[in-house]
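Data from my_file.cif: mmCIF, C-alpha atoms
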```
data_start
#
loop_
_atom_site.label_atom_id
_atom_site.label_comp_id
_atom_site.auth_asym_id
_atom_site.auth_seq_id
_atom_site.Cartn_x
_atom_site.Cartn_y
_atom_site.Cartn_z
CA MET A 226 4.11 18.65 -2.07
CA ASP A 227 4.01 18.86 -5.87
CA GLY A 228 4.26 15.26 -7.05
CA LEU A 229 7.00 12.78 -6.26
CA ASP A 230 10.55 12.43 -7.48
CA VAL A 231 11.73 8.90 -6.79
CA ARG A 232 13.82 6.17 -8.32
CA VAL A 233 14.80 2.62 -7.47
CA THR A 234 18.28 1.18 -7.40
CA HIS A 235 19.13 -2.45 -6.83
CA LEU A 236 20.91 -3.74 -3.79
CA PRO A 237 24.24 -5.48 -4.26
CA ASP A 238 24.24 -9.23 -4.55
CA GLY A 239 26.19 -9.54 -1.31
CA LEU A 240 24.52 -9.69 2.08
CA PRO A 241 22.81 -6.38 2.86
CA GLY A 242 23.32 -4.47 6.07
CA ASP A 243 20.83 -4.68 8.89
CA GLN A 244 20.92 -1.07 10.12
CA TRP A 245 18.95 1.98 9.05
CA GLN A 246 20.66 3.97 6.31
CA ASP A 247 19.67 6.85 4.04
CA ASP A 248 17.14 5.78 1.44
CA ASP A 249 18.17 6.37 -2.17
CA VAL A 250 14.56 6.44 -3.36
CA ILE A 251 12.89 9.13 -1.21
CA ALA A 252 14.90 11.98 0.25
CA GLY A 253 14.59 12.28 4.02
CA TYR A 254 13.72 8.61 4.46
CA GLN A 255 15.66 5.60 5.63
CA ARG A 256 15.73 1.94 4.59
CA ARG A 257 16.78 -1.19 6.37
CA THR A 258 17.26 -4.60 4.79
CA VAL A 259 16.63 -7.97 6.35
CA VAL A 260 17.74 -11.39 5.14
CA LEU A 261 14.73 -13.71 5.05
CA GLY A 262 16.54 -16.94 4.28
CA GLN A 263 15.45 -19.15 1.40
CA ASP A 264 12.23 -19.89 -0.38
CA SER A 265 11.50 -21.81 -3.59
CA GLU A 266 13.44 -19.18 -5.56
CA GLY A 267 16.54 -19.17 -3.38
CA ASP A 268 17.87 -16.44 -1.10
CA SER A 269 15.54 -13.54 -0.48
CA ILE A 270 15.61 -10.21 1.28
CA ALA A 271 13.08 -7.52 2.18
CA THR A 272 13.49 -3.82 2.77
CA PHE A 273 11.81 -1.68 5.42
CA ILE A 274 11.29 2.06 4.92
CA ARG A 275 10.55 4.85 7.38
CA LYS A 276 10.81 8.63 7.59
CA ALA A 277 14.18 9.60 9.03
CA PRO A 278 13.92 10.67 12.68
CA ALA A 279 14.84 14.27 13.53
CA SER A 280 18.62 14.42 13.74
CA ASP A 281 19.60 17.89 14.91
CA ASP A 282 18.83 19.71 18.15
CA ALA A 283 16.41 22.15 16.53
CA ASP A 284 14.39 19.35 14.97
CA GLU A 285 14.43 17.39 18.22
CA LYS A 286 13.17 20.40 20.18
CA ARG A 287 10.51 21.17 17.60
CA HIS A 288 9.41 17.52 17.53
CA GLY A 289 9.29 17.51 21.33
CA ARG A 290 7.15 20.64 21.43
CA CYS A 291 4.74 19.14 18.90
CA LEU A 292 4.44 15.95 20.90
CA ARG A 293 3.83 17.85 24.14
CA LYS A 294 1.08 19.88 22.46
CA LEU A 295 -0.41 16.71 21.02
CA TRP A 296 -0.37 15.00 24.41
CA ALA A 297 -1.98 18.04 26.03
CA ARG A 298 -4.73 18.25 23.42
CA THR A 299 -5.48 14.54 23.23
CA ARG A 300 -5.43 13.93 26.99
CA THR A 301 -8.94 15.35 27.26
CA THR A 302 -10.31 13.38 24.30
CA VAL A 303 -9.02 9.90 25.01
CA PHE A 304 -11.99 7.57 25.31
CA HIS A 305 -12.52 6.76 29.02
CA THR A 306 -8.89 6.28 29.94
CA THR A 307 -6.65 7.62 32.68
CA GLU A 308 -3.43 7.51 30.65
CA ARG A 309 -1.42 10.70 31.02
CA ARG A 310 0.12 10.29 27.58
CA PRO A 311 -1.23 8.51 24.50
CA ARG A 312 0.31 5.17 23.75
CA PRO A 313 2.53 5.00 20.66
CA LYS A 314 0.73 4.53 17.35
CA ALA A 315 2.20 3.03 14.19
CA ILE A 316 1.17 1.98 10.69
CA MET A 317 2.56 -1.01 8.84
CA TYR A 318 2.09 -0.56 5.08
CA ILE A 319 2.12 -3.35 2.44
CA HIS A 320 2.22 -2.47 -1.27
CA GLY A 321 0.56 -4.16 -4.24
CA TRP A 322 1.64 -6.10 -7.33
CA ASN A 323 4.35 -4.52 -9.50
CA ASP A 324 4.78 -1.89 -6.83
CA TYR A 325 7.08 -0.56 -4.12
CA PHE A 326 6.86 2.16 -1.50
CA TYR A 327 7.10 5.65 -2.96
CA ARG A 328 3.95 7.34 -1.60
CA ARG A 329 5.59 10.03 0.51
CA HIS A 330 2.31 11.92 0.91
CA VAL A 331 0.72 8.92 2.64
CA SER A 332 3.54 8.50 5.11
CA GLU A 333 3.79 12.19 5.93
CA TYR A 334 0.05 12.48 6.44
CA TRP A 335 0.18 9.98 9.28
CA GLU A 336 3.50 11.23 10.63
CA SER A 337 1.98 14.71 10.95
CA LEU A 338 -0.63 13.20 13.27
CA GLY A 339 2.00 11.54 15.46
CA VAL A 340 1.64 8.07 13.91
CA ARG A 341 4.93 6.41 13.00
CA PHE A 342 4.74 5.00 9.48
CA TYR A 343 6.66 1.92 8.35
CA ALA A 344 6.52 0.34 4.89
CA VAL A 345 7.97 -2.80 3.36
CA ASP A 346 9.26 -3.53 -0.12
CA LEU A 347 8.50 -7.24 -0.26
CA ARG A 348 11.03 -9.76 -1.58
CA ARG A 349 11.73 -9.27 -5.31
CA TYR A 350 10.02 -5.87 -5.38
CA GLY A 351 11.46 -2.37 -5.57
CA ARG A 352 14.45 -1.90 -3.28
CA SER A 353 14.53 -5.62 -2.53
CA LEU A 354 14.84 -6.82 -6.13
CA ARG A 355 18.29 -8.14 -7.06
CA GLY A 356 19.78 -9.06 -10.40
CA GLY A 357 18.77 -12.45 -11.75
CA GLU A 358 15.56 -12.67 -9.71
CA ILE A 359 12.10 -13.03 -11.25
CA SER A 360 10.36 -9.78 -10.36
CA GLY A 361 7.55 -10.18 -7.86
CA TYR A 362 7.50 -13.97 -8.07
CA ILE A 363 6.35 -16.16 -5.21
CA ASP A 364 4.42 -19.44 -5.23
CA ASP A 365 2.77 -19.11 -1.82
CA LEU A 366 1.56 -15.79 -0.42
CA HIS A 367 1.80 -17.17 3.11
CA GLU A 368 5.58 -17.00 2.81
CA TYR A 369 5.38 -13.23 3.11
CA ARG A 370 4.74 -13.77 6.79
CA ALA A 371 8.54 -13.79 7.19
CA GLU A 372 8.96 -10.12 6.27
CA LEU A 373 5.71 -9.08 7.93
CA ASN A 374 6.66 -10.68 11.22
CA ALA A 375 10.12 -9.15 10.99
CA LEU A 376 8.71 -5.67 10.40
CA HIS A 377 6.15 -6.13 13.15
CA ASP A 378 8.88 -7.07 15.62
CA LEU A 379 11.00 -4.12 14.56
CA ILE A 380 8.12 -1.70 15.12
CA VAL A 381 7.51 -3.11 18.60
CA GLU A 382 11.23 -2.91 19.37
CA GLU A 383 11.46 0.74 18.28
CA GLN A 384 8.12 2.04 19.51
CA GLY A 385 7.86 0.05 22.71
CA PRO A 386 5.63 -2.70 24.08
CA ASP A 387 2.63 -0.38 24.36
CA VAL A 388 2.54 0.43 20.64
CA ARG A 389 -0.71 -0.07 18.77
CA ILE A 390 -0.27 -0.96 15.10
CA MET A 391 -2.72 -0.59 12.24
CA VAL A 392 -1.92 -2.71 9.19
CA VAL A 393 -2.60 -1.00 5.86
CA GLY A 394 -2.57 -3.03 2.64
CA HIS A 395 -3.16 -1.93 -0.94
CA SER A 396 -4.38 -4.26 -3.73
CA GLN A 397 -2.32 -7.48 -3.57
CA GLY A 398 -0.91 -6.15 -0.30
CA GLY A 399 -4.42 -6.28 1.13
CA LEU A 400 -4.70 -9.94 0.19
CA ILE A 401 -1.31 -10.68 1.77
CA ALA A 402 -2.18 -8.75 4.92
CA SER A 403 -5.46 -10.63 5.31
CA LEU A 404 -3.75 -14.03 5.18
CA TRP A 405 -1.14 -12.92 7.71
CA MET A 406 -3.69 -11.50 10.12
CA ASN A 407 -5.75 -14.68 9.92
CA THR A 408 -2.92 -17.16 10.43
CA ASP A 409 -0.56 -15.30 12.77
CA HIS A 410 -2.93 -13.11 14.82
CA PRO A 411 0.00 -10.75 15.54
CA THR A 412 0.10 -9.02 18.89
CA HIS A 413 -0.01 -5.21 19.06
CA VAL A 414 -2.03 -5.07 15.82
CA THR A 415 -5.36 -3.52 16.75
CA ALA A 416 -6.96 -2.96 13.33
CA MET A 417 -6.49 -3.41 9.59
CA ALA A 418 -7.41 -0.91 6.85
CA LEU A 419 -7.40 -2.18 3.26
CA ASN A 420 -7.25 0.06 0.20
CA SER A 421 -8.86 -1.66 -2.83
CA PRO A 422 -7.63 -5.11 -1.73
CA TRP A 423 -7.38 -7.87 -4.33
CA LEU A 424 -9.66 -10.26 -2.47
CA GLU A 425 -11.32 -11.75 -5.55
CA LEU A 426 -11.01 -11.82 -9.32
CA GLN A 427 -12.92 -9.54 -11.61
CA GLY A 428 -16.48 -10.71 -11.82
CA ASN A 429 -16.83 -13.12 -8.93
CA ARG A 430 -15.45 -16.35 -7.50
CA MET A 431 -17.06 -18.36 -10.31
CA LEU A 432 -14.64 -16.81 -12.79
CA ARG A 433 -11.74 -17.99 -10.64
CA ILE A 434 -13.20 -21.48 -10.36
CA ILE A 435 -13.91 -21.75 -14.10
CA SER A 436 -10.48 -20.47 -15.09
CA THR A 437 -8.56 -22.75 -12.70
CA PRO A 438 -8.33 -25.68 -15.19
CA VAL A 439 -6.86 -23.29 -17.78
CA LEU A 440 -4.27 -22.18 -15.26
CA LYS A 441 -3.44 -25.81 -14.45
CA GLY A 442 -2.74 -26.38 -18.12
CA LEU A 443 -0.39 -23.38 -18.20
CA LEU A 444 1.42 -24.71 -15.14
CA LEU A 445 2.38 -27.80 -17.14
CA ARG A 446 4.72 -25.53 -19.07
CA GLY A 447 6.37 -24.49 -15.81
CA ALA A 448 5.53 -22.28 -12.84
CA HIS A 449 7.67 -19.49 -14.28
CA SER A 450 5.76 -19.43 -17.56
CA ALA A 451 4.69 -15.91 -18.44
CA LEU A 452 0.94 -15.50 -18.94
CA PRO A 453 -0.50 -13.69 -21.98
CA ILE A 454 -2.28 -11.03 -19.93
CA PRO A 455 -1.55 -7.67 -21.60
CA ASP A 456 -2.01 -4.44 -19.67
CA PRO A 457 -3.12 -1.54 -21.91
CA GLY A 458 -1.64 0.92 -19.42
CA PHE A 459 -4.90 2.64 -18.56
CA TYR A 460 -4.22 2.68 -14.81
CA GLN A 461 -0.87 4.40 -15.23
CA ARG A 462 -2.66 6.92 -17.39
CA THR A 463 -4.90 7.82 -14.45
CA ILE A 464 -1.99 8.64 -12.13
CA LEU A 465 1.13 9.66 -14.06
CA ARG A 466 1.43 13.41 -14.63
CA LYS A 467 2.86 13.01 -18.13
CA LEU A 468 -0.24 11.00 -19.07
CA GLY A 469 -2.74 13.41 -17.54
CA GLY A 470 -2.62 12.29 -13.91
CA GLN A 471 -1.31 14.14 -10.88
CA TRP A 472 1.83 12.30 -9.85
CA ASP A 473 5.49 12.15 -10.76
CA TYR A 474 7.29 8.94 -9.85
CA ASP A 475 9.46 6.31 -11.49
CA ALA A 476 6.65 4.08 -12.70
CA TYR A 477 8.79 1.22 -13.93
CA PRO A 478 12.37 1.49 -12.66
CA PHE A 479 13.52 -1.94 -13.78
CA SER A 480 15.48 -3.16 -16.75
CA ASP A 481 13.74 -5.12 -19.49
CA GLU A 482 14.90 -8.52 -18.28
CA GLN A 483 13.35 -7.79 -14.90
CA GLN A 484 9.92 -6.77 -16.09
CA PHE A 485 6.95 -7.70 -13.97
CA LEU A 486 5.19 -10.38 -15.99
CA PRO A 487 2.34 -12.44 -14.55
CA ARG A 488 3.63 -15.99 -14.05
CA ALA A 489 1.61 -19.18 -13.80
CA GLY A 490 2.93 -20.13 -10.36
CA TRP A 491 2.30 -16.64 -9.00
CA LEU A 492 -1.28 -16.57 -10.30
CA GLU A 493 -1.94 -19.99 -8.80
CA ALA A 494 -0.77 -18.59 -5.45
CA ILE A 495 -3.23 -15.70 -5.89
CA TYR A 496 -6.04 -18.15 -6.68
CA ARG A 497 -5.30 -20.24 -3.58
CA ALA A 498 -5.23 -17.13 -1.38
CA GLN A 499 -8.52 -15.86 -2.78
CA ALA A 500 -10.05 -19.28 -2.25
CA GLU A 501 -9.07 -19.00 1.42
CA ILE A 502 -10.87 -15.67 1.59
CA ALA A 503 -13.96 -17.17 -0.05
CA GLY A 504 -13.93 -19.96 2.53
CA GLY A 505 -14.06 -17.44 5.34
CA LEU A 506 -11.33 -16.06 7.61
CA ASP A 507 -11.31 -15.31 11.32
CA ILE A 508 -9.51 -11.97 11.57
CA GLN A 509 -10.07 -10.91 15.14
CA VAL A 510 -9.55 -7.16 14.86
CA PRO A 511 -11.77 -4.54 13.18
CA VAL A 512 -11.29 -4.35 9.41
CA LEU A 513 -11.96 -1.40 7.11
CA VAL A 514 -12.23 -2.11 3.37
CA SER A 515 -12.30 0.96 1.13
CA THR A 516 -13.01 0.93 -2.61
CA SER A 517 -14.06 3.26 -5.37
CA ASP A 518 -17.77 3.48 -6.14
CA ARG A 519 -17.27 2.34 -9.74
CA THR A 520 -15.27 -0.14 -11.79
CA MET A 521 -14.31 0.43 -15.42
CA LEU A 522 -12.69 -2.66 -16.94
CA GLN A 523 -12.66 -2.39 -20.70
CA LEU A 524 -10.36 -2.55 -23.71
CA THR A 525 -10.64 1.08 -24.77
CA TRP A 526 -9.70 4.24 -22.93
CA ASP A 527 -12.40 6.36 -21.32
CA GLU A 528 -11.74 9.63 -19.47
CA ARG A 529 -14.06 8.43 -16.69
CA MET A 530 -11.34 5.95 -15.75
CA ARG A 531 -9.65 8.86 -13.98
CA GLU A 532 -12.44 8.63 -11.40
CA SER A 533 -12.94 4.84 -11.30
CA ASP A 534 -11.13 1.65 -10.37
CA SER A 535 -9.71 0.52 -13.71
CA VAL A 536 -7.89 -2.48 -12.20
CA LEU A 537 -10.23 -4.50 -9.96
CA ASP A 538 -13.94 -5.19 -9.61
CA VAL A 539 -15.11 -3.20 -6.58
CA ILE A 540 -18.32 -5.23 -6.21
CA ALA A 541 -16.34 -8.47 -6.01
CA ILE A 542 -14.05 -6.86 -3.43
CA ARG A 543 -16.94 -5.76 -1.22
CA GLU A 544 -18.62 -9.17 -1.37
CA ALA A 545 -15.39 -10.97 -0.48
CA ALA A 546 -14.62 -8.48 2.30
CA LEU A 547 -17.54 -9.81 4.32
CA LYS A 548 -15.64 -13.10 4.67
CA LEU A 549 -12.65 -11.55 6.46
CA GLY A 550 -14.00 -11.55 10.00
CA ASP A 551 -16.85 -10.63 12.30
CA LEU A 552 -16.31 -6.87 12.27
CA VAL A 553 -15.85 -5.48 8.75
CA THR A 554 -16.66 -1.92 7.69
CA ILE A 555 -17.10 -1.07 4.00
CA ALA A 556 -16.30 2.46 2.80
CA THR A 557 -17.13 3.65 -0.71
CA ILE A 558 -15.14 6.58 -2.09
CA HIS A 559 -17.03 8.40 -4.83
CA GLN A 560 -14.77 9.04 -7.85
CA GLY A 561 -11.82 7.21 -6.30
CA ILE A 562 -9.28 5.33 -8.43
CA HIS A 563 -7.69 1.96 -7.68
CA ASP A 564 -5.18 3.41 -5.23
CA LEU A 565 -7.52 5.70 -3.36
CA THR A 566 -4.60 7.70 -1.94
CA MET A 567 -3.74 8.85 -5.48
CA SER A 568 -7.24 9.90 -6.52
CA TYR A 569 -8.20 13.45 -7.39
CA PRO A 570 -8.06 15.80 -4.36
CA ARG A 571 -11.72 15.56 -3.29
CA PRO A 572 -11.99 11.73 -3.17
CA ARG A 573 -8.44 11.54 -1.77
CA ARG A 574 -9.39 13.85 1.07
CA ARG A 575 -12.55 11.87 1.73
CA TYR A 576 -10.59 8.62 1.86
CA PHE A 577 -8.06 9.95 4.37
CA ALA A 578 -10.80 11.54 6.48
CA ILE A 579 -12.74 8.27 6.67
CA VAL A 580 -9.69 6.15 7.52
CA THR A 581 -8.55 8.67 10.14
CA ARG A 582 -11.90 8.78 11.87
CA TRP A 583 -12.27 4.99 11.70
CA ALA A 584 -8.74 4.38 12.99
CA ALA A 585 -9.20 6.79 15.89
CA GLN A 586 -12.19 4.75 17.02
CA ASN A 587 -11.11 1.22 16.14
CA ALA A 588 -7.31 1.08 16.06
CA TRP A 589 -6.22 3.58 18.69
CA HIS A 590 -9.36 4.46 20.71
CA GLU A 591 -8.10 8.00 20.80
CA GLU A 592 -9.25 11.10 18.97
CA PHE A 593 -6.82 13.27 17.03
CA PRO A 594 -6.93 17.04 17.59
CA GLU A 595 -9.41 18.51 15.12
CA GLN A 596 -7.06 21.22 13.89
CA ALA A 597 -4.23 18.72 13.35
CA VAL A 598 -6.52 16.55 11.21
CA ALA A 599 -7.78 19.56 9.27
CA ASP A 600 -4.22 20.67 8.53
CA ALA A 601 -3.16 17.14 7.53
CA LEU A 602 -6.16 16.74 5.22
CA ALA A 603 -5.48 20.08 3.56
CA THR A 604 -1.88 19.07 2.93
CA VAL A 605 -2.61 15.60 1.59
CA SER A 606 -5.40 16.81 -0.69
CA ALA A 607 -3.01 19.36 -2.20
CA ALA A 608 -0.28 16.79 -2.82
CA GLY A 609 0.45 16.12 -6.47
CA GLU A 610 -1.64 18.99 -7.82
CA ARG A 611 -1.17 19.67 -11.52
CA THR A 612 -0.12 23.01 -12.88
CA ARG A 613 -2.58 24.81 -15.15
CA ASN A 614 -0.74 23.85 -18.31
CA SER A 615 0.15 20.31 -17.29
CA PHE A 616 -2.25 18.79 -19.84
CA ASP A 617 -0.22 20.28 -22.69
CA ASP A 618 2.10 17.29 -22.59
CA VAL A 619 -0.56 14.62 -22.10
CA VAL A 620 -0.06 11.66 -24.42
CA ARG A 621 -3.19 11.34 -26.54
CA GLN A 622 -4.92 8.03 -27.06
CA ASN A 623 -3.59 7.52 -30.58
CA ASP A 624 -0.03 8.00 -29.35
CA PHE A 625 -0.37 5.85 -26.27
CA GLU A 626 1.43 2.53 -26.50
CA ALA A 627 0.12 -0.59 -24.79
CA SER A 628 2.16 -1.59 -21.78
CA THR A 629 2.61 -4.59 -19.50
CA THR A 630 4.05 -2.56 -16.67
CA GLY A 631 1.16 -0.93 -14.82
CA ILE A 632 1.61 -0.65 -11.08
CA VAL A 633 -1.40 -1.90 -9.16
#
```

Exercise: express the given structure as structure tokens:
Amino acid sequence: MDGLDVRVTHLPDGLPGDQWQDDDVIAGYQRRTVVLGQDSEGDSIATFIRKAPASDDADEKRHGRCLRKLWARTRTTVFHTTERRPRPKAIMYIHGWNDYFYRRHVSEYWESLGVRFYAVDLRRYGRSLRGGEISGYIDDLHEYRAELNALHDLIVEEQGPDVRIMVVGHSQGGLIASLWMNTDHPTHVTAMALNSPWLELQGNRMLRIISTPVLKGLLLRGAHSALPIPDPGFYQRTILRKLGGQWDYDAYPFSDEQQFLPRAGWLEAIYRAQAEIAGGLDIQVPVLVSTSDRTMLQLTWDERMRESDSVLDVIAIREAALKLGDLVTIATIHQGIHDLTMSYPRPRRRYFAIVTRWAAQNAWHEEFPEQAVADALATVSAAGERTRNSFDDVVRQNDFEASTTGIV
């Protein structure tokens, strides 16, 4: 797959439907909306996304043949079990701040291995954002349990009571997933894999503690007060093809009045959630936390940012990760960027290989066929490759305008 071609459109203000329908963001995918009720901001909805099931007879037959081959090849490698067929496997994906689900290559990697992939656009993000709402705003991250529980129940309904689910969270999604796993202990979830989760502020917890009084002062102006935290746009520069990255997608598909601006009430919710992490959680399933090997947080552009986390402090993440539960594995991806799935091909391949091997042992207790994994890794590492002349249109540093819209 050569990059991504996606866009976001807003749902009508009326009540959305509750059945799967063709997605208007990613071709060949489906979306389903769910009404969550009310929170401090009023009515809210979420959107679930999945790859469309095979619809015609040829696809059904081909899918059936693939499954039969997979069952035959995995039956001899299942760890000490007498099951004739592997139990269903699924992934539940949660995106980060100023984000939505568009990473087709991630979904199709897992689908090619027989793992059903489900994603959520959280309330006031992406497909779920409606006119008049404050983009991405929430004042308590625990409230996301409504959409996570709803998606969890839908997966169990569709995949059956024997399904084993691995939760995958990126950046802020990793923080949200950790809270949910700790408070709800959802059934059928056997493991959690976090991709550069926002478990702590840059630096360490002392920075969060010291800056809390400043945040309290900003809250006096109102929870919706925008914070003066400019984003120079360096992270987008590491991923967008037109800026020298490898990916084509609609980086900021929202009108000006719906820009994602950090708000005082939202940041306070982040602080409270990170304080919970610092106090220690009791997540009772194995946890994998993957980060880049290097952080580059600075005010000027450096080409090495294309092989570093330019958004979060990876050392702070690793230290906080040890507070998640009793069984936490730390993986370091050399030359990975903030979203490890969008790194250059070599670190991207390494990330997927590590998560696959770890998930086989900890989430599903079942090996994948070696050739299937090799084929999937070759495909995902080739996704988004640049053409030889793609750098001709790269925006140079002097022409690059500061932005407040970077997806993280």

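Among the candidate residues A:Asp346, A:Val414, A:Tyr325, A:Arg341, the one lying nearest to Ile270 (chain A) is A:Asp346, with distances computed using only C-alpha atoms.
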
Report as a tab-separated table: every residue of region 314-373 of chain A with an atom at most 9 Å from region 399-405 of chain A, its closest pair of atoms, and their distance in Å to one decimal, counting all atoms listed in the file, with rows sorted by chain and ascending residue number.
```
residue	atom	partner	partner_atom	distance
A:Ile319	CA	A:Gly399	CA	7.3
A:His320	CA	A:Gly399	CA	8.0
A:Gly321	CA	A:Gly399	CA	7.6
A:Leu366	CA	A:Ile401	CA	6.3
A:His367	CA	A:Leu404	CA	6.7
A:Tyr369	CA	A:Ile401	CA	7.3
A:Arg370	CA	A:Trp405	CA	6.0
A:Leu373	CA	A:Trp405	CA	7.9
```

If the PyMOL selection byres ((chain A and resi 552) around 10) is run on the structure shown, which residues does it catch, given as a list in words?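 Output from the PyMOL selection byres ((chain A and resi 552) around 10), applied to this file: Asp507, Ile508, Gln509, Val510, Pro511, Val512, Leu513, Leu547, Lys548, Leu549, Gly550, Asp551, Val553 and Thr554 of chain A.
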
With distances taken over all atoms listed in the file, which of A:Leu492, A:Leu465, A:Ile316, A:Ala279 is nearest to Asp364 (chain A)? A:Leu492

Two-atom distance - CA of Val598 (chain A), CA of Ser332 (chain A) (Å):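 CA of Ser332 (chain A) lies 14.3 Å from CA of Val598 (chain A).
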
Which residues would end up in the selection if the PyMOL selection byres ((chain A and resi 330) around 10) were applied here, given that I need the answer as a PyMOL selection string? chain A and resi 226-229+327-329+331-336+566-567+604-609

Suppose you want the space between CA of Thr520 (chain A) and CA of Pro422 (chain A); what is it in Å? 13.6 Å

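With CA of Gln263 (chain A) on one side and CA of Val393 (chain A) on the other, the separation reads 26.0 Å.
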
Using all atoms listed in the file, the best pick from A:Pro455, A:Pro594, A:Tyr474, A:Arg574 as closest to Val250 (chain A) would be A:Tyr474

Residues picked by the PyMOL selection byres ((chain A and resi 386) around 12) here, as an MDAnalysis selection string? chainID A and resid 312:315 377:385 387:390 412:414

Write out as a ChimeraX atom specification each polymer residue whose atoms come within 7 Å of region 242-249 of chain A, counting all atoms listed in the file; drop sequence neighbours fewer than 4 positions from it. /A:254-259

So that I can look at just that part, could you write region 469-475 of chain A with all heavy atoms, as a compact mmCIF listing (two decimals), in the first residue's frame?
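Saved the output as decode_39.txt:
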```
# COMPACT_ATOMS: atom_id res chain seq x y z
N GLY A 469 8.15 15.38 3.85
CA GLY A 469 9.33 14.53 3.91
C GLY A 469 9.11 13.20 4.59
O GLY A 469 10.03 12.39 4.69
N GLY A 470 7.89 12.94 5.08
CA GLY A 470 7.58 11.66 5.69
C GLY A 470 7.18 10.62 4.66
O GLY A 470 7.51 10.73 3.48
N GLN A 471 6.43 9.62 5.10
CA GLN A 471 6.08 8.51 4.23
C GLN A 471 4.58 8.33 4.03
O GLN A 471 4.18 7.38 3.35
CB GLN A 471 6.66 7.21 4.80
CG GLN A 471 8.18 7.18 4.81
CD GLN A 471 8.69 5.77 4.99
OE1 GLN A 471 8.18 5.02 5.80
NE2 GLN A 471 9.70 5.41 4.22
N TRP A 472 3.77 9.19 4.58
CA TRP A 472 2.34 8.88 4.63
C TRP A 472 1.50 10.01 4.06
O TRP A 472 1.79 11.19 4.24
CB TRP A 472 1.93 8.63 6.09
CG TRP A 472 2.76 7.55 6.73
CD1 TRP A 472 3.88 7.73 7.48
CD2 TRP A 472 2.56 6.15 6.62
NE1 TRP A 472 4.39 6.52 7.86
CE2 TRP A 472 3.60 5.53 7.36
CE3 TRP A 472 1.60 5.35 6.00
CZ2 TRP A 472 3.70 4.15 7.47
CZ3 TRP A 472 1.69 3.98 6.12
CH2 TRP A 472 2.74 3.39 6.85
N ASP A 473 0.44 9.61 3.38
CA ASP A 473 -0.58 10.53 2.89
C ASP A 473 -1.85 10.30 3.69
O ASP A 473 -2.39 9.19 3.71
CB ASP A 473 -0.88 10.27 1.40
CG ASP A 473 0.27 10.66 0.51
OD1 ASP A 473 0.94 11.66 0.81
OD2 ASP A 473 0.50 9.95 -0.49
N TYR A 474 -2.33 11.30 4.36
CA TYR A 474 -3.61 11.23 5.04
C TYR A 474 -4.07 12.65 5.32
O TYR A 474 -3.29 13.60 5.22
CB TYR A 474 -3.53 10.42 6.34
CG TYR A 474 -2.71 11.08 7.43
CD1 TYR A 474 -3.32 11.89 8.39
CD2 TYR A 474 -1.34 10.91 7.50
CE1 TYR A 474 -2.58 12.50 9.38
CE2 TYR A 474 -0.59 11.52 8.48
CZ TYR A 474 -1.22 12.32 9.42
OH TYR A 474 -0.48 12.92 10.38
N ASP A 475 -5.34 12.80 5.66
CA ASP A 475 -5.88 14.12 5.94
C ASP A 475 -5.51 14.48 7.36
O ASP A 475 -6.17 14.07 8.32
CB ASP A 475 -7.40 14.10 5.75
CG ASP A 475 -7.96 15.50 5.58
OD1 ASP A 475 -7.24 16.45 5.88
OD2 ASP A 475 -9.11 15.62 5.14
```
